Amino acid sequence: MNASSESTKTPLGELIGRLSALHQKRIDLGLERMHRLLERLGHPERKLPPVIHIAGTNGKGSTLAYLRATLEAAGLRVHAYTSPYLVRINECFRLGRVGGGVLVGDDELRAALEEVERVNAGEPATVFELKTAAAFHLFAQNPADVVLLEVGLGGRLDSTNVVETPAACVITPVSMDHMDFLGDTLTLIAAEKAAIIKRGVPVICAEQLPEAMAVIEAQAKRMRAPLFAANESWHVNVEHGRLVYSDDRGLMDLAAPRLFGRHQFDNAGLAIATLRAISTFKVNQAAFEAGIVGAEWPARMQRITSGELLSWGPQGSEIWLDGGHNAEGGRVAAAALGDLEERVSRPLVVIAGMMANKDPQGFLANFAGLTRHIVAVPIPDTENAMPVDRLADAARSLGMRVEIAPGIEAALRALSKLAYEVPPRILITGSLYLAGHVLGLNGTPPA
């Protein structure tokens, strides 16, 4: 390709901006526009390898990461579609390759998005719909053995819910989030998630609160879908720091996940249960072990071990990054911090930034017993970010000491001026948008 043709390419950011202008609503749940797009593309969603469809409130990305790492360890080529991205839109599209998948390159992604733009012909469509259609187009064009498909929001009317007969439907823990779109009770939210269940397709379900479980069980029964539920069909336990998984086919004693936190044992167990519930893929214990140990998922209790942030914060401090943004996400992050405190005690500081549609009290309350020191920061260049004053007021209402900083660097530099007997443990949390901003600042975007 010569330099002149290279220079005529539309930058990805400009292309996404153009696509964003096609619909005034950023989120507009419904499948009519998606069906129209896919028909014009020649129905790529019908030309995919076996699909594992994953819904839930928390843990979708981590569960998908375990599935991907395990299937790749078994020698399979794995396509994966996830959202949102942290730093670059390419993160949403992983193409299966022998020896391990790769993020889609700029040229291939641009071509897919431009094809979707062409067939859409200027009609209203959300960016997520256009992006999902591009994912199906890419996945249909590139050979693979399996597609891992993460729901964007809800399930019933999510753009991914167009695959008629997936190999499996997976439901991670369901909790209160996105109430403005999914309903204001756990029962209503669970109904939206459970609507990905297809007739006769195995459903693998994480441990749920009783109201959510009742809905999932009823939908599985309605669709005559075999249900494999945690603590009924399968069990996962932590014994001597190892993951012990058991079901009616036997027991596996595996190394602990690399991803940190007790909840990651549960996410790993859900991935194992999924692959053991379906006969499509042959996975042995060695592949399970390699997948559980090898899975990576940025901004989920991620220890920052290199980059700019370490030079800004107090010398010798630990810096952790977690994209949790709802009450349940805060709970699992706080539990992980509690485990760290038991191992090595350090004073904890939470640097938080959130989106305006989240519940700051419900999120921050999880940390009230661990720290009284909160630093509220804005999320730069992000529409609908929560004003720092509102976040600070929520922290004060919980009896926490709160400060406001204009950004992550300023927050860390301010902490470095404080006198600590022991270097602190710092958690940056509250939003995946904030997490993406932090990884970009740090110079360590997902590869």
# chains A, B, ... in the order shown; residues from 1 in each chain; ligands from 1
call {"tool": "residues_around", "arguments": {"residues": "Asn442 (chain A)", "least_positions_apart": "6", "cutoff": "9 Å", "atoms": "only C-alpha atoms", "output": "list in words"}}
result
Ile304, Ser306, Gly307, Glu308, Leu309 and Leu310 of chain A
call {"tool": "select_by_dssp", "arguments": {"residues": "region 103-240 of chain A", "states": "strand (DSSP E or B)", "output": "PDB file with N, CA, C and O atoms, in the first residue's frame"}}
result
ATOM      1  N   LEU A 103      -6.054  -8.924  19.123  1.00  0.00           N
ATOM      2  CA  LEU A 103      -6.992  -7.826  18.930  1.00  0.00           C
ATOM      3  C   LEU A 103      -7.029  -7.469  17.449  1.00  0.00           C
ATOM      4  O   LEU A 103      -6.004  -7.487  16.766  1.00  0.00           O
ATOM      5  N   VAL A 146     -14.836 -21.235  18.047  1.00  0.00           N
ATOM      6  CA  VAL A 146     -15.844 -20.820  19.031  1.00  0.00           C
ATOM      7  C   VAL A 146     -15.889 -19.299  19.082  1.00  0.00           C
ATOM      8  O   VAL A 146     -14.874 -18.630  18.836  1.00  0.00           O
ATOM      9  N   VAL A 147     -17.068 -18.766  19.398  1.00  0.00           N
ATOM     10  CA  VAL A 147     -17.245 -17.334  19.637  1.00  0.00           C
ATOM     11  C   VAL A 147     -17.714 -17.135  21.072  1.00  0.00           C
ATOM     12  O   VAL A 147     -18.677 -17.779  21.518  1.00  0.00           O
ATOM     13  N   LEU A 148     -17.034 -16.254  21.797  1.00  0.00           N
ATOM     14  CA  LEU A 148     -17.473 -15.852  23.128  1.00  0.00           C
ATOM     15  C   LEU A 148     -18.121 -14.476  22.988  1.00  0.00           C
ATOM     16  O   LEU A 148     -17.480 -13.525  22.545  1.00  0.00           O
ATOM     17  N   LEU A 149     -19.393 -14.379  23.362  1.00  0.00           N
ATOM     18  CA  LEU A 149     -20.200 -13.196  23.079  1.00  0.00           C
ATOM     19  C   LEU A 149     -20.745 -12.624  24.386  1.00  0.00           C
ATOM     20  O   LEU A 149     -21.571 -13.248  25.046  1.00  0.00           O
ATOM     21  N   GLU A 150     -20.254 -11.446  24.758  1.00  0.00           N
ATOM     22  CA  GLU A 150     -20.679 -10.807  26.002  1.00  0.00           C
ATOM     23  C   GLU A 150     -21.825  -9.839  25.740  1.00  0.00           C
ATOM     24  O   GLU A 150     -21.740  -8.981  24.857  1.00  0.00           O
ATOM     25  N   ALA A 168     -24.244 -22.480  24.381  1.00  0.00           N
ATOM     26  CA  ALA A 168     -24.533 -22.368  25.812  1.00  0.00           C
ATOM     27  C   ALA A 168     -24.908 -20.931  26.135  1.00  0.00           C
ATOM     28  O   ALA A 168     -24.453 -19.991  25.468  1.00  0.00           O
ATOM     29  N   CYS A 169     -25.731 -20.771  27.156  1.00  0.00           N
ATOM     30  CA  CYS A 169     -26.071 -19.463  27.713  1.00  0.00           C
ATOM     31  C   CYS A 169     -25.548 -19.428  29.141  1.00  0.00           C
ATOM     32  O   CYS A 169     -25.839 -20.341  29.934  1.00  0.00           O
ATOM     33  N   VAL A 170     -24.784 -18.404  29.462  1.00  0.00           N
ATOM     34  CA  VAL A 170     -24.139 -18.295  30.769  1.00  0.00           C
ATOM     35  C   VAL A 170     -24.673 -17.064  31.476  1.00  0.00           C
ATOM     36  O   VAL A 170     -24.780 -15.988  30.869  1.00  0.00           O
ATOM     37  N   ILE A 171     -25.016 -17.195  32.757  1.00  0.00           N
ATOM     38  CA  ILE A 171     -25.517 -16.056  33.528  1.00  0.00           C
ATOM     39  C   ILE A 171     -24.664 -15.898  34.776  1.00  0.00           C
ATOM     40  O   ILE A 171     -24.654 -16.755  35.664  1.00  0.00           O
ATOM     41  N   VAL A 203     -28.067 -23.901  30.109  1.00  0.00           N
ATOM     42  CA  VAL A 203     -27.894 -22.656  30.856  1.00  0.00           C
ATOM     43  C   VAL A 203     -26.969 -22.954  32.029  1.00  0.00           C
ATOM     44  O   VAL A 203     -27.263 -23.837  32.843  1.00  0.00           O
ATOM     45  N   ILE A 204     -25.871 -22.228  32.122  1.00  0.00           N
ATOM     46  CA  ILE A 204     -24.944 -22.405  33.237  1.00  0.00           C
ATOM     47  C   ILE A 204     -25.002 -21.135  34.060  1.00  0.00           C
ATOM     48  O   ILE A 204     -24.772 -20.040  33.551  1.00  0.00           O
ATOM     49  N   CYS A 205     -25.314 -21.274  35.331  1.00  0.00           N
ATOM     50  CA  CYS A 205     -25.686 -20.116  36.145  1.00  0.00           C
ATOM     51  C   CYS A 205     -24.843 -20.043  37.417  1.00  0.00           C
ATOM     52  O   CYS A 205     -24.679 -21.036  38.125  1.00  0.00           O
ATOM     53  N   LEU A 227     -30.605 -26.730  33.072  1.00  0.00           N
ATOM     54  CA  LEU A 227     -30.003 -25.713  33.936  1.00  0.00           C
ATOM     55  C   LEU A 227     -28.924 -26.339  34.803  1.00  0.00           C
ATOM     56  O   LEU A 227     -29.167 -27.325  35.509  1.00  0.00           O
ATOM     57  N   PHE A 228     -27.724 -25.764  34.761  1.00  0.00           N
ATOM     58  CA  PHE A 228     -26.593 -26.201  35.592  1.00  0.00           C
ATOM     59  C   PHE A 228     -26.254 -25.044  36.528  1.00  0.00           C
ATOM     60  O   PHE A 228     -25.562 -24.093  36.134  1.00  0.00           O
ATOM     61  N   ALA A 229     -26.765 -25.107  37.741  1.00  0.00           N
ATOM     62  CA  ALA A 229     -26.652 -23.988  38.676  1.00  0.00           C
ATOM     63  C   ALA A 229     -25.579 -24.252  39.724  1.00  0.00           C
ATOM     64  O   ALA A 229     -25.405 -25.384  40.191  1.00  0.00           O
ATOM     65  N   ALA A 230     -24.874 -23.180  40.093  1.00  0.00           N
ATOM     66  CA  ALA A 230     -23.865 -23.270  41.146  1.00  0.00           C
ATOM     67  C   ALA A 230     -24.503 -23.767  42.435  1.00  0.00           C
ATOM     68  O   ALA A 230     -25.642 -23.426  42.764  1.00  0.00           O
ATOM     69  N   TRP A 234     -23.034 -28.033  40.327  1.00  0.00           N
ATOM     70  CA  TRP A 234     -21.582 -27.963  40.444  1.00  0.00           C
ATOM     71  C   TRP A 234     -21.201 -27.099  41.638  1.00  0.00           C
ATOM     72  O   TRP A 234     -22.001 -26.285  42.107  1.00  0.00           O
ATOM     73  N   HIS A 235     -19.982 -27.299  42.121  1.00  0.00           N
ATOM     74  CA  HIS A 235     -19.514 -26.588  43.319  1.00  0.00           C
ATOM     75  C   HIS A 235     -18.077 -26.138  43.094  1.00  0.00           C
ATOM     76  O   HIS A 235     -17.294 -26.820  42.430  1.00  0.00           O
ATOM     77  N   VAL A 236     -17.738 -24.987  43.655  1.00  0.00           N
ATOM     78  CA  VAL A 236     -16.359 -24.526  43.629  1.00  0.00           C
ATOM     79  C   VAL A 236     -15.993 -24.061  45.031  1.00  0.00           C
ATOM     80  O   VAL A 236     -16.771 -23.360  45.692  1.00  0.00           O
ATOM     81  N   ASN A 237     -14.824 -24.495  45.503  1.00  0.00           N
ATOM     82  CA  ASN A 237     -14.373 -24.141  46.854  1.00  0.00           C
ATOM     83  C   ASN A 237     -12.898 -23.746  46.816  1.00  0.00           C
ATOM     84  O   ASN A 237     -12.168 -24.086  45.882  1.00  0.00           O
ATOM     85  N   VAL A 238     -12.504 -23.017  47.851  1.00  0.00           N
ATOM     86  CA  VAL A 238     -11.092 -22.671  48.031  1.00  0.00           C
ATOM     87  C   VAL A 238     -10.556 -23.554  49.156  1.00  0.00           C
ATOM     88  O   VAL A 238     -11.059 -23.498  50.280  1.00  0.00           O
ATOM     89  N   GLU A 239      -9.580 -24.375  48.845  1.00  0.00           N
ATOM     90  CA  GLU A 239      -8.990 -25.255  49.850  1.00  0.00           C
ATOM     91  C   GLU A 239      -7.472 -25.130  49.781  1.00  0.00           C
ATOM     92  O   GLU A 239      -6.871 -25.397  48.737  1.00  0.00           O
TER      93      GLU A 239
END
call {"tool": "select_by_dssp", "arguments": {"residues": "region 121-259 of chain A", "states": "helix (DSSP H, G or I)", "output": "MDAnalysis selection string"}}
result
chainID A and resid 127:141 179:182 186:194 210:222
call {"tool": "closest_residue", "arguments": {"among": "A:Arg401, A:Arg300, A:Arg425, A:His35", "to": "Ser345 (chain A)", "atoms": "only C-alpha atoms"}}
result
A:Arg425
call {"tool": "closest_residue", "arguments": {"among": "A:Arg33, A:Arg372, A:Arg346, A:Arg258", "to": "Glu296 (chain A)", "atoms": "only C-alpha atoms"}}
result
A:Arg258
call {"tool": "residues_around", "arguments": {"residues": "Asp180 (chain A)", "least_positions_apart": "5", "cutoff": "12 Å", "atoms": "only C-alpha atoms", "output": "list in words"}}
result
Ile27, Asp28, Leu29, Leu153, Gly154, Thr185, Leu188, Ile189, Ala356, Asn357, Lys358 and Asp359 of chain A
call {"tool": "write_last_selection", "arguments": {"atoms": "N, CA, C and O atoms", "output": "tab-separated table (two decimals), in the first residue's frame"}}
result
chain	number	residue	atom	x	y	z
A	27	ILE	N	-27.89	4.93	24.27
A	27	ILE	CA	-28.45	3.61	24.58
A	27	ILE	C	-29.92	3.62	24.20
A	27	ILE	O	-30.69	4.48	24.65
A	28	ASP	N	-30.32	2.70	23.34
A	28	ASP	CA	-31.72	2.58	22.92
A	28	ASP	C	-31.97	1.11	22.64
A	28	ASP	O	-31.77	0.61	21.54
A	29	LEU	N	-32.37	0.38	23.71
A	29	LEU	CA	-32.49	-1.06	23.61
A	29	LEU	C	-33.59	-1.47	22.64
A	29	LEU	O	-34.66	-0.86	22.60
A	153	LEU	N	-25.77	-4.80	27.57
A	153	LEU	CA	-26.64	-4.26	28.62
A	153	LEU	C	-27.92	-5.07	28.67
A	153	LEU	O	-28.65	-5.17	27.68
A	154	GLY	N	-28.20	-5.69	29.82
A	154	GLY	CA	-29.43	-6.46	29.98
A	154	GLY	C	-29.30	-7.83	29.35
A	154	GLY	O	-28.52	-8.67	29.78
A	185	THR	N	-36.30	-3.47	40.25
A	185	THR	CA	-36.27	-4.59	41.19
A	185	THR	C	-35.36	-5.68	40.65
A	185	THR	O	-35.14	-5.77	39.43
A	188	LEU	N	-37.14	-7.89	38.04
A	188	LEU	CA	-37.23	-7.34	36.69
A	188	LEU	C	-35.88	-7.42	35.98
A	188	LEU	O	-35.81	-7.78	34.79
A	189	ILE	N	-34.81	-7.10	36.69
A	189	ILE	CA	-33.48	-7.14	36.08
A	189	ILE	C	-33.12	-8.57	35.70
A	189	ILE	O	-32.60	-8.83	34.60
A	356	ALA	N	-22.68	9.40	36.41
A	356	ALA	CA	-23.78	10.08	37.09
A	356	ALA	C	-24.98	9.18	37.36
A	356	ALA	O	-25.77	9.44	38.27
A	357	ASN	N	-25.13	8.08	36.60
A	357	ASN	CA	-26.29	7.21	36.80
A	357	ASN	C	-26.04	6.10	37.81
A	357	ASN	O	-26.85	5.18	37.94
A	358	LYS	N	-24.93	6.17	38.54
A	358	LYS	CA	-24.61	5.14	39.53
A	358	LYS	C	-25.00	5.60	40.94
A	358	LYS	O	-25.32	6.77	41.18
A	359	ASP	N	-24.96	4.66	41.88
A	359	ASP	CA	-25.34	4.91	43.28
A	359	ASP	C	-24.06	5.04	44.11
A	359	ASP	O	-23.49	4.02	44.52
call {"tool": "residues_around", "arguments": {"residues": "Leu37 (chain A)", "least_positions_apart": "3", "cutoff": "12 Å", "atoms": "only C-alpha atoms", "output": "VMD selection string"}}
result
chain A and resid 31 to 34 40 to 45 113 115 to 126 129 to 134 136 to 137 159 162
call {"tool": "write_last_selection", "arguments": {"atoms": "N, CA, C and O atoms", "output": "CSV table (one decimal), in the first residue's frame"}}
result
chain,number,residue,atom,x,y,z
A,31,LEU,N,-34.2,-4.7,19.1
A,31,LEU,CA,-33.6,-5.6,18.2
A,31,LEU,C,-34.0,-5.3,16.7
A,31,LEU,O,-33.4,-5.8,15.8
A,32,GLU,N,-34.9,-4.4,16.5
A,32,GLU,CA,-35.4,-4.1,15.1
A,32,GLU,C,-34.3,-3.6,14.2
A,32,GLU,O,-34.1,-4.1,13.1
A,33,ARG,N,-33.6,-2.6,14.7
A,33,ARG,CA,-32.5,-2.0,13.9
A,33,ARG,C,-31.4,-3.1,13.7
A,33,ARG,O,-30.8,-3.1,12.6
A,34,MET,N,-31.1,-3.9,14.7
A,34,MET,CA,-30.1,-4.9,14.6
A,34,MET,C,-30.5,-6.0,13.5
A,34,MET,O,-29.6,-6.4,12.7
A,40,ARG,N,-29.1,-6.9,5.9
A,40,ARG,CA,-28.3,-6.3,4.8
A,40,ARG,C,-26.9,-6.8,4.7
A,40,ARG,O,-26.3,-6.7,3.6
A,41,LEU,N,-26.3,-7.3,5.8
A,41,LEU,CA,-25.0,-7.8,5.8
A,41,LEU,C,-24.9,-9.3,5.3
A,41,LEU,O,-23.9,-9.9,5.2
A,42,GLY,N,-26.1,-9.9,5.0
A,42,GLY,CA,-26.2,-11.3,4.6
A,42,GLY,C,-26.2,-12.2,5.8
A,42,GLY,O,-25.8,-13.4,5.7
A,43,HIS,N,-26.7,-11.8,6.9
A,43,HIS,CA,-26.8,-12.6,8.2
A,43,HIS,C,-25.5,-13.3,8.6
A,43,HIS,O,-25.5,-14.5,8.7
A,44,PRO,N,-24.5,-12.5,8.9
A,44,PRO,CA,-23.3,-13.1,9.4
A,44,PRO,C,-23.5,-13.9,10.7
A,44,PRO,O,-22.7,-14.8,11.0
A,45,GLU,N,-24.5,-13.5,11.5
A,45,GLU,CA,-24.7,-14.2,12.8
A,45,GLU,C,-25.1,-15.6,12.6
A,45,GLU,O,-25.0,-16.4,13.6
A,113,LEU,N,-16.3,-1.7,10.0
A,113,LEU,CA,-17.2,-0.7,10.4
A,113,LEU,C,-17.7,0.1,9.2
A,113,LEU,O,-18.9,0.5,9.1
A,115,GLU,N,-18.1,-1.1,6.2
A,115,GLU,CA,-19.1,-1.9,5.5
A,115,GLU,C,-20.5,-1.9,6.2
A,115,GLU,O,-21.5,-1.8,5.5
A,116,VAL,N,-20.4,-1.9,7.5
A,116,VAL,CA,-21.7,-1.7,8.3
A,116,VAL,C,-22.3,-0.4,8.0
A,116,VAL,O,-23.5,-0.2,7.8
A,117,GLU,N,-21.5,0.7,8.0
A,117,GLU,CA,-21.9,2.0,7.7
A,117,GLU,C,-22.6,2.1,6.3
A,117,GLU,O,-23.6,2.7,6.1
A,118,ARG,N,-22.0,1.4,5.4
A,118,ARG,CA,-22.5,1.4,4.0
A,118,ARG,C,-23.9,0.8,3.9
A,118,ARG,O,-24.8,1.4,3.3
A,119,VAL,N,-24.0,-0.4,4.5
A,119,VAL,CA,-25.3,-1.1,4.4
A,119,VAL,C,-26.4,-0.4,5.2
A,119,VAL,O,-27.6,-0.5,4.9
A,120,ASN,N,-26.0,0.3,6.3
A,120,ASN,CA,-26.9,1.0,7.1
A,120,ASN,C,-27.5,2.2,6.4
A,120,ASN,O,-28.7,2.6,6.7
A,121,ALA,N,-26.8,2.8,5.5
A,121,ALA,CA,-27.3,3.8,4.6
A,121,ALA,C,-27.8,5.0,5.3
A,121,ALA,O,-28.9,5.6,4.9
A,122,GLY,N,-27.2,5.4,6.4
A,122,GLY,CA,-27.6,6.6,7.1
A,122,GLY,C,-28.8,6.5,8.0
A,122,GLY,O,-29.3,7.5,8.6
A,123,GLU,N,-29.3,5.3,8.2
A,123,GLU,CA,-30.5,5.1,9.0
A,123,GLU,C,-30.1,5.2,10.5
A,123,GLU,O,-29.0,4.9,10.9
A,124,PRO,N,-31.1,5.5,11.4
A,124,PRO,CA,-30.8,5.5,12.8
A,124,PRO,C,-30.3,4.2,13.4
A,124,PRO,O,-30.8,3.1,13.1
A,125,ALA,N,-29.2,4.2,14.1
A,125,ALA,CA,-28.6,3.0,14.8
A,125,ALA,C,-27.6,3.5,15.8
A,125,ALA,O,-26.9,4.5,15.6
A,126,THR,N,-27.6,2.8,17.0
A,126,THR,CA,-26.7,3.2,18.0
A,126,THR,C,-25.3,2.7,17.6
A,126,THR,O,-25.1,1.7,16.8
A,129,GLU,N,-24.9,-1.0,18.4
A,129,GLU,CA,-25.5,-1.9,17.3
A,129,GLU,C,-24.6,-2.0,16.1
A,129,GLU,O,-24.4,-3.1,15.6
A,130,LEU,N,-24.1,-0.9,15.7
A,130,LEU,CA,-23.2,-0.9,14.5
A,130,LEU,C,-21.9,-1.7,14.8
A,130,LEU,O,-21.4,-2.4,14.0
A,131,LYS,N,-21.4,-1.5,16.1
A,131,LYS,CA,-20.2,-2.2,16.5
A,131,LYS,C,-20.4,-3.7,16.6
A,131,LYS,O,-19.6,-4.5,16.2
A,132,THR,N,-21.6,-4.1,17.1
A,132,THR,CA,-21.9,-5.5,17.2
A,132,THR,C,-22.1,-6.1,15.9
A,132,THR,O,-21.7,-7.3,15.6
A,133,ALA,N,-22.7,-5.4,15.0
A,133,ALA,CA,-22.9,-5.9,13.6
A,133,ALA,C,-21.5,-6.1,13.0
A,133,ALA,O,-21.3,-7.1,12.3
A,134,ALA,N,-20.6,-5.2,13.2
A,134,ALA,CA,-19.2,-5.3,12.7
A,134,ALA,C,-18.5,-6.5,13.3
A,134,ALA,O,-17.8,-7.2,12.6
A,136,PHE,N,-20.0,-9.4,14.3
A,136,PHE,CA,-20.5,-10.6,13.6
A,136,PHE,C,-19.9,-10.7,12.2
A,136,PHE,O,-19.5,-11.8,11.7
A,137,HIS,N,-19.8,-9.6,11.5
A,137,HIS,CA,-19.2,-9.5,10.1
A,137,HIS,C,-17.7,-10.0,10.2
A,137,HIS,O,-17.3,-10.9,9.4
A,159,SER,N,-28.2,-6.0,21.7
A,159,SER,CA,-27.9,-6.2,20.3
A,159,SER,C,-27.2,-7.6,20.1
A,159,SER,O,-27.3,-8.1,18.9
A,162,VAL,N,-29.3,-12.0,19.1
A,162,VAL,CA,-29.8,-12.3,17.8
A,162,VAL,C,-29.3,-13.7,17.4
A,162,VAL,O,-29.7,-14.1,16.3
call {"tool": "closest_residue", "arguments": {"among": "A:Lys47, A:Arg18, A:Lys193, A:Lys60", "to": "Asn267 (chain A)", "atoms": "only C-alpha atoms"}}
result
A:Lys60
call {"tool": "residues_around", "arguments": {"residues": "region 244-246 of chain A", "least_positions_apart": "5", "cutoff": "12 Å", "atoms": "only C-alpha atoms", "output": "PyMOL selection string"}}
result
chain A and resi 230-239+251-257+265-273+276+285+288-289+292
call {"tool": "atom_distance", "arguments": {"atom1": "CA of Met176 (chain A)", "atom2": "CA of Val349 (chain A)"}}
result
25.7 Å
call {"tool": "atom_distance", "arguments": {"atom1": "CA of Gly105 (chain A)", "atom2": "CA of Ala144 (chain A)"}}
result
16.9 Å
call {"tool": "residues_around", "arguments": {"residues": "Ala333 (chain A)", "least_positions_apart": "3", "cutoff": "8 Å", "atoms": "only C-alpha atoms", "output": "number ranges by chain"}}
result
A: 261, 301, 322, 324, 329-330, 336-337
call {"tool": "residues_around", "arguments": {"residues": "Thr444 (chain A)", "least_positions_apart": "4", "cutoff": "12 Å", "atoms": "only C-alpha atoms", "output": "ChimeraX atom specification"}}
result
/A:86-88,298-299,302-309,435-440
call {"tool": "closest_atom_pairs", "arguments": {"of": "region 405-435 of chain A", "to": "region 311-316 of chain A", "cutoff": "7 Å", "atoms": "only C-alpha atoms", "output": "CSV"}}
result
residue,atom,partner,partner_atom,distance
A:Glu409,CA,A:Trp312,CA,6.4
A:Leu412,CA,A:Gly313,CA,4.5
A:Arg413,CA,A:Trp312,CA,5.2
A:Leu415,CA,A:Pro314,CA,6.3
A:Ser416,CA,A:Pro314,CA,3.9
A:Pro423,CA,A:Gly316,CA,5.6
call {"tool": "write_last_selection", "arguments": {"atoms": "N, CA, C and O atoms", "output": "PDB file, in the first residue's frame"}}
result
ATOM      1  N   GLU A 409      -3.338  12.132  38.659  1.00  0.00           N
ATOM      2  CA  GLU A 409      -1.969  12.525  38.988  1.00  0.00           C
ATOM      3  C   GLU A 409      -1.942  13.438  40.209  1.00  0.00           C
ATOM      4  O   GLU A 409      -1.130  13.236  41.134  1.00  0.00           O
ATOM      5  N   LEU A 412      -2.609  11.401  43.429  1.00  0.00           N
ATOM      6  CA  LEU A 412      -1.458  10.603  43.866  1.00  0.00           C
ATOM      7  C   LEU A 412      -0.336  11.475  44.403  1.00  0.00           C
ATOM      8  O   LEU A 412       0.312  11.142  45.404  1.00  0.00           O
ATOM      9  N   ARG A 413      -0.087  12.607  43.758  1.00  0.00           N
ATOM     10  CA  ARG A 413       0.978  13.499  44.230  1.00  0.00           C
ATOM     11  C   ARG A 413       0.621  14.092  45.596  1.00  0.00           C
ATOM     12  O   ARG A 413       1.502  14.275  46.448  1.00  0.00           O
ATOM     13  N   LEU A 415      -1.176  12.564  47.883  1.00  0.00           N
ATOM     14  CA  LEU A 415      -0.969  11.487  48.851  1.00  0.00           C
ATOM     15  C   LEU A 415       0.510  11.306  49.165  1.00  0.00           C
ATOM     16  O   LEU A 415       0.886  10.959  50.289  1.00  0.00           O
ATOM     17  N   SER A 416       1.371  11.558  48.177  1.00  0.00           N
ATOM     18  CA  SER A 416       2.810  11.355  48.389  1.00  0.00           C
ATOM     19  C   SER A 416       3.394  12.381  49.366  1.00  0.00           C
ATOM     20  O   SER A 416       4.487  12.181  49.890  1.00  0.00           O
ATOM     21  N   PRO A 423       3.820   2.653  53.922  1.00  0.00           N
ATOM     22  CA  PRO A 423       3.298   3.111  52.632  1.00  0.00           C
ATOM     23  C   PRO A 423       1.885   2.570  52.403  1.00  0.00           C
ATOM     24  O   PRO A 423       1.610   1.397  52.688  1.00  0.00           O
TER      25      PRO A 423
END
call {"tool": "atom_distance", "arguments": {"atom1": "CA of Thr429 (chain A)", "atom2": "CA of Phe363 (chain A)"}}
result
10.0 Å
call {"tool": "closest_residue", "arguments": {"among": "A:Glu342, A:Glu164, A:Ala334, A:Ser397", "to": "Gly369 (chain A)", "atoms": "only C-alpha atoms"}}
result
A:Ala334
call {"tool": "closest_residue", "arguments": {"among": "A:Gly430, A:Gly13, A:Pro166, A:Pro406", "to": "Ile89 (chain A)", "atoms": "only C-alpha atoms"}}
result
A:Gly13
